[in-house]
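See structure below.
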Amino acid sequence: MKIKGTQLFVKALIEEGVDTLFAYPGGMAIDLFDALYGETSFNVVLPRHEQGLVHAADGYARATGKTGVCLVTSGPGATNLVTGIATANYDSVPLVCFTGQVPTSLIGNDAFQEVDIVGICRNICKYAVTVRRREDLGRIIKEAFYIARTGKPGPVLVDFPKDIQLALGSDEYPKEISIRGYKPSTGVHMGQLKKAADMLANAKRPLFLVGGGVNISRGGEAMTALAEQLQVPVVTTIMGKGALPTDHPLYIGSMGMHGNVASNTAVSECDLLFSIGTRFNDRITGKISEFAKGAKIVHIDIDAASISRNIVVDVPIVADAKEAIEKFSEIASAPKHMGDWLERLQKLKEEKPIRMPEGGELSPQDIICAVNECFPEAIVTTDVGQNQMWTTQFLQLRGKSKLLTSGGLGTMGYGLPAAIGAKLGRPEMPVISISGDGGFQMNEQELATAVCQELPIVIIILNNSYLGNVRQWQEMFFGGRYSCTCLRKRKSCETWCSDPNAACPPYIPDFLKLAESYGIEGIRVTKREEIKGALERAKAKKNAPILIECIIEREANILPIVPGGNPLSEMVCEFKKEDK
Amino acid sequence: MQTEAKKRWISLYVENDVGVLAKISGLFSGKSYNLQSLTVGETEDPTVSRMTISLTGDDKTFEQIKKQLNRSVEVIKVLDFTELPIHKKEILFIKLRSLKKDELEDVFRSASVFGINVSDYDKASVILESIKTESENDDVLRYYKKNFLSRMEAVRGGAVAIESVSRSDR
């Protein structure tokens with residue numbers, strides 16, 4: 001039977017098992033939306049901006065492990081996806097993004113709402129392709145889903161011209177495909193694993209470094225079992241956090257620029273760094289020549305290009321993290337000469353915990369710890385900046401809990417839409433979005449989506465009226481010159497201001513009034529005694545979001561910090577503002 | 001691992017599709033890899049194109065480049081020609097103008113010595129066609145630049161390469 005391209009599109013989504021489509025209409029997608037009208041096989045979600053849309057699909061994918069699917073129109077609809085596609089690409093999130101396109105006969109004519117979105121996205125996605133012939137449509141969609149979810153997952157863009165949408169063609173959606181240029185690696189090189197096992201058995205100070213790859217491959221339980229079997233301590237990157245329950249005795253902490261003293265010390269002093277699913281980016285390594293200097297390094301990663309790129313490794317193993325962990329546990333034996341290495345790290349972890357200065361009315365630590373108490377299991381999303389670092393430092397992850405955060409690209413505005421996507425994918429889990437007041441405003445329009453989809457997500461804004469992370473760097477490394485980081489600053493303010501003071505203009509917007517305008521409850525918390533009450537109210541919500549604005553100390557800092565370019569062993573644990 | 005930069009050769013089998021050349025060249029520019037020459041053309045299979053790429057880089061960068069090429073969906077196969085016996089040739093055209101009679105004669109003579117073809121000429125102009133290795137073409141070009149720089153045009157095609165059958169490096 002001959003069907004239109006739009007009909008094959010709908011059929012393909014059904015055959016791929018898609019249950020949620022994040023979609024925003026427009027001129028070059030209107031035929032696709034017509035085909036979706038009345039479709040009951042999956043939920044079509046209408047966000048308020050395409051950037052919010054793609055972050056929501058990303059949050060859905062991270063929360064469920066399934067592929068997030070986006071549909072937008074050509075031109076601005078497509079370009080608004082760009083930041084979200086790059087975000088997903090850096091954190092290996094499977095997405096398939098369909099963009100409408102002008103008819104093939106008009107491509108290249110600077111037609112209305114025409115952009116070369118494949119050209120724009122080529123270097124920020126796993127694969128991008130324009131459908132140029134109706135007979136290729138089924139194969140291309142099948143390939144897109146296959147490429148997005150296999151190997152190192154990532155976003156795939158399918159550009160879908162209007163004439164191909166309308167053209168009649170076969171109704172067949174392929175069952176099998178084979179792509180000659182794409183063969184994700186499978187299996188594990190046992191010889192290399194045995195070599196790694198020998199090194200581990202003889203190591204005196206071995207350490208597991210667990211990255212996001214372990215979470216992506218759903219290898220957390222296998223990792224926990226392996227660490228327990230061998231009694232080897234574990235540190236994680238931010239993206240690896242949660243692979244081991246954070247209260248596990250073998251978990252030393254999250255390392256890197258804002259890691260705890262014990263985990264950065266562990267990396268600096270270990271003699272075998274057994275790393276899984278991390279690409280050793282600069283926020284992880286600090287000064288690269290000093291990174292794990294005395295250690296032999298084993299590196300397991302699905303992506304051959306991630307191995308020996310930033311640091312030279314002794315035993316490279318290209319494999320899926322979970323599969324490698326399971327195979328490794330069959331042949332590995334516990335290190336024989338560990339001495340008091342583990343106890344030393346555990347003691348250091350206890351003696352030098354991350355702790356914010358006491359005093360003040362309400363600290364980010366108070367807030368995140370209250371979240372830990374009120375929501376023992378939850379999916380937590382963050383924005384980027386101080387809110388992200390405090391959340392990573394203090395959030396407990398147990399059981400089915402997950403932290404969704406833009407670790408690679410560092411995208412402000414990610415938190416709220418990602419929480420929406422996560423809740424749509426995992427309605428049974430509490431979902432909490434933690435943002436700063438800056439990042440929240442980058443996608444605050446998505447409040448409407450949360451309301452319309454009747455999602456009881458908990459939206460926490462840490463309001464210090466600053467773009468806090470950059471302000472902190474300006475305070476620590478730029479002599480307190482607060483250049484364009486104060487969100488209260490107005491034209492009438494003193495031009496060069498470097499202090500919050502009583503004369504600061506009021507903050508805009510008033511987040512409670514904003515919440516009210518969306519018809520949802522807003523609570524402002526200014527004292528630590530109030531936070532739990534607010535969270536308890538949030539728990540009671542069944543089909544509407546709640547916004548909790550927490551007024552935190554304006555110049556609170558994230559500590560410890562490894563200043564950029566320093567080795568991990570040189571952490572700044574205390575900082576006092578100089579008197580002027 | 002060698003840390004010093006040396007000349008490398010890669011032969012790539014890629015999908016013969018719109019945008020694949022942009023993908024490959026964009027990968028080099030986006031990651032700041034230095035690319036010296038890139039040629040591309042259809043193979044015996046019209047769905048496959050083959051690229052010959054030359055670049056100068058150290059071992060670590062070169063390994064990374066090969067891995068990055070390999071992970072591109074559009075790339076079917078990456079062959080490292082650096083240490084293999086291969087045949088490689090480049091085409092070079094040189095057009096010389098406003099030649100006096102004795103100069104014209106000199107050009108014919110030198111062309112014959114270099115073993116390159118005169119593919120077109122008239123009373124005062126000549127087009128030379130040289131199919132040689134890149135470094136031999138460098139020599140040819142250097143010679144004519146010395147004498148005719150203000151009256152010449154040169155265009156180089158970039159090298160194409162293929163594995164030897166007799167294992168002798170040409």
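We label chains A, B, ... in the order they appear in the structure tokens, count residues from 1 in each chain, and number ligands from 1 in the order shown.
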message = Could you pull out the strand (DSSP E) residues of range 21-160 of chain B, going by DSSP on the backbone, and write them as an MDAnalysis selection string?
response = chainID B and resid 35:42 48:57 75:80 86:96 117:121 126:132 152:160
ask   = Neighbours of Gly219 in chain A within 12 Å (only C-alpha atoms; same-chain residues fewer than 2 positions away dropped), as an NGL selection string?
value = :A and (210-217 or 221-226 or 240 or 242-244 or 276-277 or 320-327)
task = Pick out the chain B residues within 12 Å of chain A. Count only C-alpha atoms. Give them as a ChimeraX atom specification.
result = /B:1,12-31,47-48,59-78
inquiry  = Which residues are near range 156-166 of chain A? Cut-off 9 Å, only C-alpha atoms, ignore same chain within fewer than 5 positions. Put them as a PyMOL selection string.
reply    = chain A and resi 3-9+28-29+31-32+74+85+94-105+107+117-118+121-122+125-134+137+140-141+144-145+147-148
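Nearest to Glu90 in chain B of all the residues B:Arg151, B:Lys123, B:Arg109, B:Arg156 is B:Arg156, based on only C-alpha atoms.
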ask   = What lies within 10 Å of range 522-531 of chain A using only C-alpha atoms, ignoring chain neighbours under 6 positions off, as number ranges by chain?
value = A: 360-368, 370-371, 459-462, 511-516, 537-538, 545-553
ask   = Could you work out how far CA of Ile91 in chain B lies from CA of Ala124 in chain B, giving the answer in Å with one decimal?
value = 23.2 Å
Residue among B:Ser110, B:Ser164, B:Ser54, B:Ser98 lying closest to Asp80 in chain B, counting only C-alpha atoms =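 When distances to Asp80 in chain B are compared using only C-alpha atoms, the smallest one comes from B:Ser54.
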ask   = If you measure from CA of His248 in chain A to CA of Met389 in chain A, what distance in Å do you get, rounded to one decimal?
value =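 Computed distance, CA of His248 in chain A to CA of Met389 in chain A, equals 20.5 Å.
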request  = Could you give me, as a list in words, the residues within 12 Å of Asp120 in chain B, counting only C-alpha atoms and dropping anything in the same chain fewer than 3 positions from it?
outcome  =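 The contact residues come out as Phe93, Ile94, Lys95, Leu96, Arg97, Phe108, Asn117, Lys123, Ala124, Ser125, Val126, Ile127, Leu128 and Glu129 of chain B.
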task = Go through B:Gly115, B:Pro85, B:Gly41, B:Pro46 one by one, measure the shortest atom-to-atom distance of each to Glu163 in chain B using only C-alpha atoms, and give the residue with the smallest value.
result = B:Pro85
message = For a quick check of understanding, using only C-alpha atoms, which of B:Trp9, B:Gln36, B:Thr52, B:Glu83 has the smallest distance to Arg167 in chain B?
response = B:Glu83
ask   = What's the 7 Å shell around Lys142 in chain A, counting only C-alpha atoms, without same-chain residues fewer than 4 positions away, as a ChimeraX atom specification?
value = /A:138,146,174
task = Would you work out the distance separating CA of Leu92 in chain B from CA of Asn137 in chain B, expressed in Å to one decimal?
result =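 Separation between CA of Leu92 in chain B and CA of Asn137 in chain B: 6.9 Å.
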ask   = Using only C-alpha atoms, which of the listed residues (A:Ala503, A:Ile317, A:Ile420, A:Val380) sits closest to Leu404 in chain A?
value =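 Of A:Ala503, A:Ile317, A:Ile420, A:Val380, the one nearest Leu404 in chain A, counting only C-alpha atoms, is A:Val380.
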